[in-house]
Structures are given as structure tokens and as C-alpha cells.
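> Quick one, target-v3.cif (mmCIF, C-alpha atoms):
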```cif
data_upload
#
loop_
_atom_site.group_PDB
_atom_site.id
_atom_site.type_symbol
_atom_site.label_atom_id
_atom_site.label_comp_id
_atom_site.auth_asym_id
_atom_site.auth_seq_id
_atom_site.Cartn_x
_atom_site.Cartn_y
_atom_site.Cartn_z
ATOM 1 C CA MET A 1 14.076 -37.011 31.846
ATOM 2 C CA THR A 2 17.095 -34.714 31.853
ATOM 3 C CA GLU A 3 17.410 -31.724 29.582
ATOM 4 C CA GLN A 4 20.122 -33.532 27.622
ATOM 5 C CA GLU A 5 17.831 -36.529 27.077
ATOM 6 C CA GLN A 6 15.031 -34.193 25.980
ATOM 7 C CA LEU A 7 17.389 -32.454 23.562
ATOM 8 C CA ALA A 8 18.443 -35.786 22.101
ATOM 9 C CA ALA A 9 14.786 -36.778 21.667
ATOM 10 C CA VAL A 10 13.644 -33.571 19.926
ATOM 11 C CA ARG A 11 16.684 -33.611 17.662
ATOM 12 C CA GLN A 12 15.422 -36.969 16.416
ATOM 13 C CA ASP A 13 11.762 -35.924 16.264
ATOM 14 C CA GLY A 14 10.623 -32.374 17.017
ATOM 15 C CA TYR A 15 7.192 -33.637 17.999
ATOM 16 C CA ALA A 16 8.726 -35.495 20.967
ATOM 17 C CA ILE A 17 8.396 -32.184 22.805
ATOM 18 C CA GLN A 18 4.713 -32.905 23.370
ATOM 19 C CA PHE A 19 5.670 -35.483 25.994
ATOM 20 C CA PHE A 20 7.715 -33.089 28.148
ATOM 21 C CA ASP A 21 6.369 -30.941 30.967
ATOM 22 C CA ASN A 22 7.756 -27.400 30.912
ATOM 23 C CA PRO A 23 10.573 -27.882 28.397
ATOM 24 C CA THR A 24 13.378 -25.333 28.533
ATOM 25 C CA GLU A 25 13.846 -22.656 25.883
ATOM 26 C CA GLU A 26 16.776 -24.640 24.491
ATOM 27 C CA VAL A 27 14.647 -27.791 24.127
ATOM 28 C CA CYS A 28 11.856 -25.767 22.468
ATOM 29 C CA LEU A 29 14.320 -24.216 20.023
ATOM 30 C CA ALA A 30 15.813 -27.612 19.178
ATOM 31 C CA ALA A 31 12.321 -29.024 18.556
ATOM 32 C CA VAL A 32 11.283 -26.287 16.109
ATOM 33 C CA ARG A 33 14.663 -26.372 14.377
ATOM 34 C CA LYS A 34 13.963 -30.025 13.630
ATOM 35 C CA ASP A 35 10.340 -29.392 12.622
ATOM 36 C CA GLY A 36 8.785 -25.940 12.633
ATOM 37 C CA TYR A 37 5.375 -27.476 12.990
ATOM 38 C CA ALA A 38 6.341 -28.719 16.469
ATOM 39 C CA ILE A 39 5.450 -25.172 17.577
ATOM 40 C CA GLY A 40 1.905 -26.469 17.881
ATOM 41 C CA CYS A 41 2.989 -28.716 20.749
ATOM 42 C CA ILE A 42 4.584 -25.934 22.797
ATOM 43 C CA LYS A 43 2.525 -24.030 25.350
ATOM 44 C CA ASN A 44 3.221 -20.300 25.358
ATOM 45 C CA PRO A 45 6.280 -20.344 23.093
ATOM 46 C CA SER A 46 8.624 -17.381 23.258
ATOM 47 C CA GLU A 47 8.910 -14.948 20.363
ATOM 48 C CA GLN A 48 12.308 -16.446 19.490
ATOM 49 C CA VAL A 49 10.889 -19.980 19.365
ATOM 50 C CA CYS A 50 8.056 -18.782 17.116
ATOM 51 C CA LEU A 51 10.489 -17.035 14.780
ATOM 52 C CA VAL A 52 12.712 -20.104 14.501
ATOM 53 C CA ALA A 53 9.651 -22.266 13.805
ATOM 54 C CA VAL A 54 8.597 -20.013 10.930
ATOM 55 C CA GLN A 55 12.166 -19.890 9.597
ATOM 56 C CA GLN A 56 12.184 -23.687 9.529
ATOM 57 C CA ASP A 57 8.713 -23.931 7.937
ATOM 58 C CA GLY A 58 6.831 -20.799 6.875
ATOM 59 C CA TYR A 59 3.541 -22.658 6.985
ATOM 60 C CA ALA A 60 3.972 -22.873 10.770
ATOM 61 C CA ILE A 61 2.752 -19.251 10.845
ATOM 62 C CA ARG A 62 -0.766 -20.645 10.972
ATOM 63 C CA LEU A 63 -0.054 -22.102 14.416
ATOM 64 C CA ILE A 64 1.162 -18.837 15.926
ATOM 65 C CA SER A 65 -1.303 -16.422 17.444
ATOM 66 C CA ASN A 66 -0.352 -12.778 17.022
ATOM 67 C CA PRO A 67 2.815 -13.236 14.954
ATOM 68 C CA THR A 68 5.179 -10.281 14.690
ATOM 69 C CA GLN A 69 5.742 -8.506 11.391
ATOM 70 C CA GLU A 70 9.144 -10.183 11.178
ATOM 71 C CA MET A 71 7.554 -13.639 11.498
ATOM 72 C CA CYS A 72 4.976 -12.751 8.859
ATOM 73 C CA LEU A 73 7.631 -11.548 6.429
ATOM 74 C CA VAL A 74 9.711 -14.698 6.940
ATOM 75 C CA ALA A 75 6.665 -16.865 6.222
ATOM 76 C CA ILE A 76 5.735 -14.789 3.166
ATOM 77 C CA GLN A 77 9.251 -14.917 1.728
ATOM 78 C CA GLN A 78 9.009 -18.714 1.716
ATOM 79 C CA ASP A 79 5.587 -18.715 0.057
ATOM 80 C CA GLY A 80 3.386 -15.715 -0.627
ATOM 81 C CA HIS A 81 0.319 -17.889 -0.126
ATOM 82 C CA ASN A 82 1.140 -18.045 3.592
ATOM 83 C CA ILE A 83 -0.622 -14.686 3.832
ATOM 84 C CA GLN A 84 -3.901 -16.582 4.015
ATOM 85 C CA HIS A 85 -2.907 -17.692 7.526
ATOM 86 C CA ILE A 86 -2.167 -14.183 8.792
ATOM 87 C CA SER A 87 -4.996 -12.198 10.340
ATOM 88 C CA ASN A 88 -5.039 -8.535 9.392
ATOM 89 C CA PRO A 89 -1.689 -8.334 7.603
ATOM 90 C CA ASN A 90 -0.262 -4.839 7.265
ATOM 91 C CA GLU A 91 0.529 -3.200 3.918
ATOM 92 C CA LYS A 92 4.196 -4.226 3.994
ATOM 93 C CA VAL A 93 3.266 -7.899 4.503
ATOM 94 C CA LYS A 94 0.632 -7.742 1.732
ATOM 95 C CA LEU A 95 3.096 -6.150 -0.658
ATOM 96 C CA SER A 96 5.769 -8.703 0.177
ATOM 97 C CA ALA A 97 3.311 -11.567 -0.383
ATOM 98 C CA VAL A 98 2.275 -10.488 -3.878
ATOM 99 C CA GLN A 99 5.836 -9.665 -4.869
ATOM 100 C CA GLN A 100 6.752 -13.242 -3.970
ATOM 101 C CA LYS A 101 3.654 -14.752 -5.601
ATOM 102 C CA GLY A 102 1.186 -12.579 -7.516
ATOM 103 C CA TYR A 103 -1.655 -15.019 -6.976
ATOM 104 C CA ALA A 104 -1.427 -14.341 -3.217
ATOM 105 C CA ILE A 105 -3.684 -11.364 -3.951
ATOM 106 C CA GLN A 106 -6.632 -13.754 -3.819
ATOM 107 C CA PHE A 107 -6.168 -13.934 -0.031
ATOM 108 C CA ILE A 108 -6.041 -10.167 0.500
ATOM 109 C CA LYS A 109 -9.238 -8.282 1.223
ATOM 110 C CA ASN A 110 -9.495 -4.880 -0.439
ATOM 111 C CA PRO A 111 -5.903 -4.649 -1.673
ATOM 112 C CA SER A 112 -4.527 -1.166 -2.240
ATOM 113 C CA GLU A 113 -3.671 -0.090 -5.753
ATOM 114 C CA GLU A 114 0.028 -0.488 -4.885
ATOM 115 C CA VAL A 115 -0.562 -4.121 -3.862
ATOM 116 C CA GLN A 116 -2.656 -4.753 -6.983
ATOM 117 C CA LEU A 117 0.071 -3.338 -9.204
ATOM 118 C CA ALA A 118 2.770 -5.414 -7.513
ATOM 119 C CA ALA A 119 0.634 -8.541 -7.969
ATOM 120 C CA VAL A 120 0.116 -8.044 -11.711
ATOM 121 C CA GLN A 121 3.758 -7.076 -12.168
ATOM 122 C CA GLN A 122 4.717 -10.401 -10.642
ATOM 123 C CA ASN A 123 2.068 -12.314 -12.605
ATOM 124 C CA GLY A 124 -0.333 -10.668 -15.044
ATOM 125 C CA TYR A 125 -2.923 -13.380 -14.547
ATOM 126 C CA ALA A 126 -3.256 -12.284 -10.912
ATOM 127 C CA ILE A 127 -5.746 -9.720 -12.225
ATOM 128 C CA ASN A 128 -8.289 -12.534 -12.274
ATOM 129 C CA HIS A 129 -8.174 -12.507 -8.461
ATOM 130 C CA ILE A 130 -8.681 -8.774 -8.057
ATOM 131 C CA GLU A 131 -12.328 -8.038 -7.433
ATOM 132 C CA ASN A 132 -12.287 -4.531 -8.900
ATOM 133 C CA PRO A 133 -9.026 -3.882 -10.745
ATOM 134 C CA SER A 134 -8.543 -0.148 -11.144
ATOM 135 C CA LEU A 135 -8.211 1.614 -14.476
ATOM 136 C CA THR A 136 -4.515 2.164 -13.690
ATOM 137 C CA ILE A 137 -3.953 -1.576 -13.193
ATOM 138 C CA GLN A 138 -5.793 -2.455 -16.404
ATOM 139 C CA LYS A 139 -3.891 0.167 -18.386
ATOM 140 C CA TYR A 140 -0.595 -1.094 -16.988
ATOM 141 C CA LEU A 141 -1.318 -4.654 -18.126
ATOM 142 C CA ILE A 142 -2.434 -3.606 -21.597
ATOM 143 C CA GLU A 143 0.568 -1.314 -22.015
ATOM 144 C CA GLN A 144 2.804 -4.316 -21.325
ATOM 145 C CA ASP A 145 1.094 -6.340 -24.049
ATOM 146 C CA LYS A 146 -2.249 -5.691 -25.760
ATOM 147 C CA ASP A 147 -2.988 -9.415 -25.581
ATOM 148 C CA ASN A 148 -3.351 -8.915 -21.828
ATOM 149 C CA ILE A 149 -6.728 -7.324 -22.419
ATOM 150 C CA PHE A 150 -8.044 -10.855 -22.854
ATOM 151 C CA ASN A 151 -6.652 -11.835 -19.433
ATOM 152 C CA ILE A 152 -8.953 -9.348 -17.772
ATOM 153 C CA PRO A 153 -12.404 -10.851 -17.206
ATOM 154 C CA GLU A 154 -14.779 -8.953 -19.463
ATOM 155 C CA ASP A 155 -17.133 -8.127 -16.590
ATOM 156 C CA LYS A 156 -14.221 -6.418 -14.799
ATOM 157 C CA LEU A 157 -13.091 -4.291 -17.736
ATOM 158 C CA HIS A 158 -13.240 -0.586 -17.045
ATOM 159 C CA PRO A 159 -15.656 1.208 -19.421
ATOM 160 C CA GLU A 160 -12.825 3.365 -20.790
ATOM 161 C CA ILE A 161 -10.830 0.240 -21.690
ATOM 162 C CA LYS A 162 -13.891 -1.359 -23.314
ATOM 163 C CA ARG A 163 -14.468 1.721 -25.497
ATOM 164 C CA LYS A 164 -10.842 2.176 -26.450
ATOM 165 C CA TYR A 165 -10.257 -1.459 -27.392
ATOM 166 C CA GLN A 166 -13.713 -2.436 -28.666
ATOM 167 C CA TYR A 167 -12.173 -3.183 -32.066
ATOM 168 C CA LEU A 168 -10.066 -5.955 -30.501
ATOM 169 C CA PHE A 169 -13.146 -7.699 -29.133
ATOM 170 C CA SER A 170 -14.892 -7.375 -32.498
ATOM 171 C CA MET A 171 -11.875 -8.859 -34.281
ATOM 172 C CA LYS A 172 -11.611 -11.683 -31.761
ATOM 173 C CA LYS A 173 -15.281 -12.571 -32.170
ATOM 174 C CA ALA A 174 -14.887 -12.491 -35.951
ATOM 175 C CA GLY A 175 -11.861 -14.792 -35.678
ATOM 176 C CA ILE A 176 -9.503 -12.327 -37.365
ATOM 177 C CA LEU A 177 -7.568 -11.120 -34.364
ATOM 178 C CA TRP A 178 -3.950 -10.294 -34.972
ATOM 179 C CA LEU A 179 -2.188 -7.926 -32.631
ATOM 180 C CA ASN A 180 0.778 -5.865 -33.691
ATOM 181 C CA LYS A 181 3.012 -5.928 -30.636
ATOM 182 C CA ASN A 182 4.448 -2.551 -31.657
ATOM 183 C CA ASN A 183 1.100 -0.685 -31.450
#
```
Can the structure from this file be put into C-alpha cells for me?


Amino acid sequence: MTEQEQLAAVRQDGYAIQFFDNPTEEVCLAAVRKDGYAIGCIKNPSEQVCLVAVQQDGYAIRLISNPTQEMCLVAIQQDGHNIQHISNPNEKVKLSAVQQKGYAIQFIKNPSEEVQLAAVQQNGYAINHIENPSLTIQKYLIEQDKDNIFNIPEDKLHPEIKRKYQYLFSMKKAGILWLNKNN
């Protein structure tokens, strides 16, 4: 099959590349432009082919061994949850993931305080996926809205927060909770 015939085939269906022996770079690029997931059918793809695959479909990151930071960031910008398919992401990738989708923190082991803060800034409920939210993170959420204290699992509340806001828990249990948003 000529290169032109291969190009025509992968432009119709990116997965057609699996039937070609030693496709050219141009054929590989055309295949992943059609379907980023076709990267899984390419033996030893170039860095450029991998990047184009991830640009076409961020989820394709899971099929790339040793992706570059640029590939990781492209995948994350499409969906922060793609971080779960990246081994040992660096701080910049982690931060980018939670800024795109706060809940992505659930896929990050031992997130730094900066990553935790970015996650709860993006979505306050992300605190439920932080194993040990720091006092700073808890204070930040409560400063935004005192109601947020009830979004923090009680077993994760810092002792200082529990003491300071004990009256809120007492009022909630008594069924008389009313929060003044200005306090």
C-alpha cells in the first residue's frame, strides 16, 4: 500500500494504522489527528505524534509511556481527572489539574498545601477528597462562608476549628442553625 493510500485510510479511520507495517511519521500524525486513541496502535511513536494524540483526545495520555510535561498539561487542560493516568506528576501538573477540576485532588497522593488550596478554591467540596486538610485550608473555606464548615467531614476538622465553631455544631444538632453571612 502506498503512503497516499495509507493516508487516505487513516483519514477515514485512525485505527486503520494498525494494519500498516512501519507507517511514516505523516501517516502516524494523520491517524492520531483523526483519533487520538489510535496512538495505542503505533509502535514507538515520536514525541510529536504523542503530543498530537493528546491534543486530539486528552484521555490518550493513558496510552503514552513517559509523557512530557507539555503532554501532561495538554491532557489536564482538557480534563483535570486525566491526572489519574499520569505517573508521578510534578507540582505544576498537579496544580493545573485541580485548577481545572477541584475534584482531581482525589487522584493526587500527598498534595501540597498549594495544591489543596487551589482545589478548594476551584470547588469547596473538593475538601472531602483531601485526606488531611490543613488548618489553613479549613480556615480559608470557612472564611469564604461559615456554612462551609459543614462541608468538612467532622473527623477531618482541625481541633482549633472544632473549638472555635462548637456553637455551630450545637445549634445544628438542636435544629436552630441560622448563620449570619456577615459574621

> Determine the residue membership of the PyMOL selection byres ((chain A and resi 4) around 12) for the file above and supply it as number ranges by chain.

A: 1-3, 5-11, 23-24, 26-27, 30

> With a distance cut-off of 12 Å and only C-alpha atoms, select the neighbouring residues of stretch 66-76 of chain A, excluding the residue or stretch itself and same-chain residues fewer than 3 positions from it, and output the selection as number ranges by chain.

A: 36, 44-63, 79-102, 104

> So what do you get for atom CA of A:Gln77 versus atom CA of A:Tyr125, distance-wise?

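Those two atoms sit 20.4 Å apart.
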
> Rounded to one decimal in Å, what is the spacing between atom CA of A:Tyr140 and atom CA of A:Leu117?

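These atoms are spaced 8.1 Å apart.
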
> At a cut-off of 9 Å, using all atoms listed in the file, what residues contact stretch 150-167 of chain A? Leave out same-chain residues fewer than 5 positions from it and give the result as a ChimeraX atom specification.

/A:124-125,127-128,131-135,138-139,141,172

> Write a file of the selected residues as a PDB file, in the frame of the given file, keeping C-alpha atoms.


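Here's the written file result_28.pdb:
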```
ATOM      1  CA  GLY A 124      -0.333 -10.668 -15.044  1.00  0.00           C
ATOM      2  CA  TYR A 125      -2.923 -13.380 -14.547  1.00  0.00           C
ATOM      3  CA  ILE A 127      -5.746  -9.720 -12.225  1.00  0.00           C
ATOM      4  CA  ASN A 128      -8.289 -12.534 -12.274  1.00  0.00           C
ATOM      5  CA  GLU A 131     -12.328  -8.038  -7.433  1.00  0.00           C
ATOM      6  CA  ASN A 132     -12.287  -4.531  -8.900  1.00  0.00           C
ATOM      7  CA  PRO A 133      -9.026  -3.882 -10.745  1.00  0.00           C
ATOM      8  CA  SER A 134      -8.543  -0.148 -11.144  1.00  0.00           C
ATOM      9  CA  LEU A 135      -8.211   1.614 -14.476  1.00  0.00           C
ATOM     10  CA  GLN A 138      -5.793  -2.455 -16.404  1.00  0.00           C
ATOM     11  CA  LYS A 139      -3.891   0.167 -18.386  1.00  0.00           C
ATOM     12  CA  LEU A 141      -1.318  -4.654 -18.126  1.00  0.00           C
ATOM     13  CA  LYS A 172     -11.611 -11.683 -31.761  1.00  0.00           C
TER      14      LYS A 172
END
```

> When distances are computed from all atoms listed in the file, which of A:Ala16, A:Cys28, A:Ile64, A:Leu168 shows the smallest separation from A:Gly40?

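Result for the nearest residue to A:Gly40: A:Ile64.
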
> Enter the distance from atom CA of A:Tyr103 to atom CA of A:Val115, in Å, rounded to one decimal.

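One can read the atom CA of A:Tyr103 to atom CA of A:Val115 distance as 11.4 Å.
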
> Work out where the centre of an axis-aligned box around every listed atom of stretch 109-112 of chain A lies and how long its edges are once 5 Å is added on each side; give both in Å to one decimal as AutoDock Vina command-line options.


```
--center_x -7.0 --center_y -4.7 --center_z -0.5 --size_x 15.0 --size_y 17.1 --size_z 13.5
```

> With all atoms listed in the file as the atoms that count, which of A:Ile17, A:Ile137, A:Ile130, A:Ala174 lies nearest to A:Ile108?

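Among A:Ile17, A:Ile137, A:Ile130, A:Ala174, it is A:Ile130 that comes nearest to A:Ile108.
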
> Could you give me, as a ChimeraX atom specification, the residues that have an atom at most 12 Å away from the point (0.7, -31.8, 19.4) in the coordinates of the file, using only C-alpha atoms?

/A:14-20,31,37-43,63

> Atoms are missing here; could stretch 73-90 of chain A be completed with N, CA and C atoms and written as a compact mmCIF listing (two decimals), in the frame of the given file?


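Below is the file that was written, result_19.txt:
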```txt
# COMPACT_ATOMS: atom_id res chain seq x y z
N LEU A 73 6.79 -11.74 7.61
CA LEU A 73 7.63 -11.55 6.43
C LEU A 73 8.47 -12.79 6.12
N VAL A 74 8.94 -13.47 7.15
CA VAL A 74 9.71 -14.70 6.94
C VAL A 74 8.82 -15.75 6.28
N ALA A 75 7.60 -15.88 6.79
CA ALA A 75 6.66 -16.86 6.22
C ALA A 75 6.33 -16.53 4.77
N ILE A 76 6.10 -15.25 4.50
CA ILE A 76 5.74 -14.79 3.17
C ILE A 76 6.88 -15.00 2.18
N GLN A 77 8.10 -14.76 2.62
CA GLN A 77 9.25 -14.92 1.73
C GLN A 77 9.40 -16.37 1.28
N GLN A 78 8.96 -17.30 2.11
CA GLN A 78 9.01 -18.71 1.72
C GLN A 78 7.90 -19.03 0.71
N ASP A 79 6.72 -18.47 0.95
CA ASP A 79 5.59 -18.72 0.06
C ASP A 79 4.56 -17.62 0.29
N GLY A 80 4.34 -16.82 -0.73
CA GLY A 80 3.39 -15.72 -0.63
C GLY A 80 2.00 -16.16 -0.20
N HIS A 81 1.64 -17.39 -0.51
CA HIS A 81 0.32 -17.89 -0.13
C HIS A 81 0.16 -18.02 1.38
N ASN A 82 1.25 -17.98 2.13
CA ASN A 82 1.14 -18.05 3.59
C ASN A 82 0.37 -16.86 4.16
N ILE A 83 0.14 -15.85 3.35
CA ILE A 83 -0.62 -14.69 3.83
C ILE A 83 -2.04 -15.09 4.23
N GLN A 84 -2.55 -16.16 3.67
CA GLN A 84 -3.90 -16.58 4.01
C GLN A 84 -4.01 -17.02 5.47
N HIS A 85 -2.90 -17.25 6.13
CA HIS A 85 -2.91 -17.69 7.53
C HIS A 85 -2.56 -16.56 8.49
N ILE A 86 -2.52 -15.34 7.97
CA ILE A 86 -2.17 -14.18 8.79
C ILE A 86 -3.40 -13.29 8.91
N SER A 87 -3.84 -13.07 10.12
CA SER A 87 -5.00 -12.20 10.34
C SER A 87 -4.56 -10.75 10.26
N ASN A 88 -5.29 -9.97 9.51
CA ASN A 88 -5.04 -8.54 9.39
C ASN A 88 -3.59 -8.18 9.07
N PRO A 89 -3.07 -8.69 7.96
CA PRO A 89 -1.69 -8.33 7.60
C PRO A 89 -1.58 -6.84 7.27
N ASN A 90 -0.45 -6.25 7.59
CA ASN A 90 -0.26 -4.84 7.26
C ASN A 90 0.15 -4.70 5.80
```
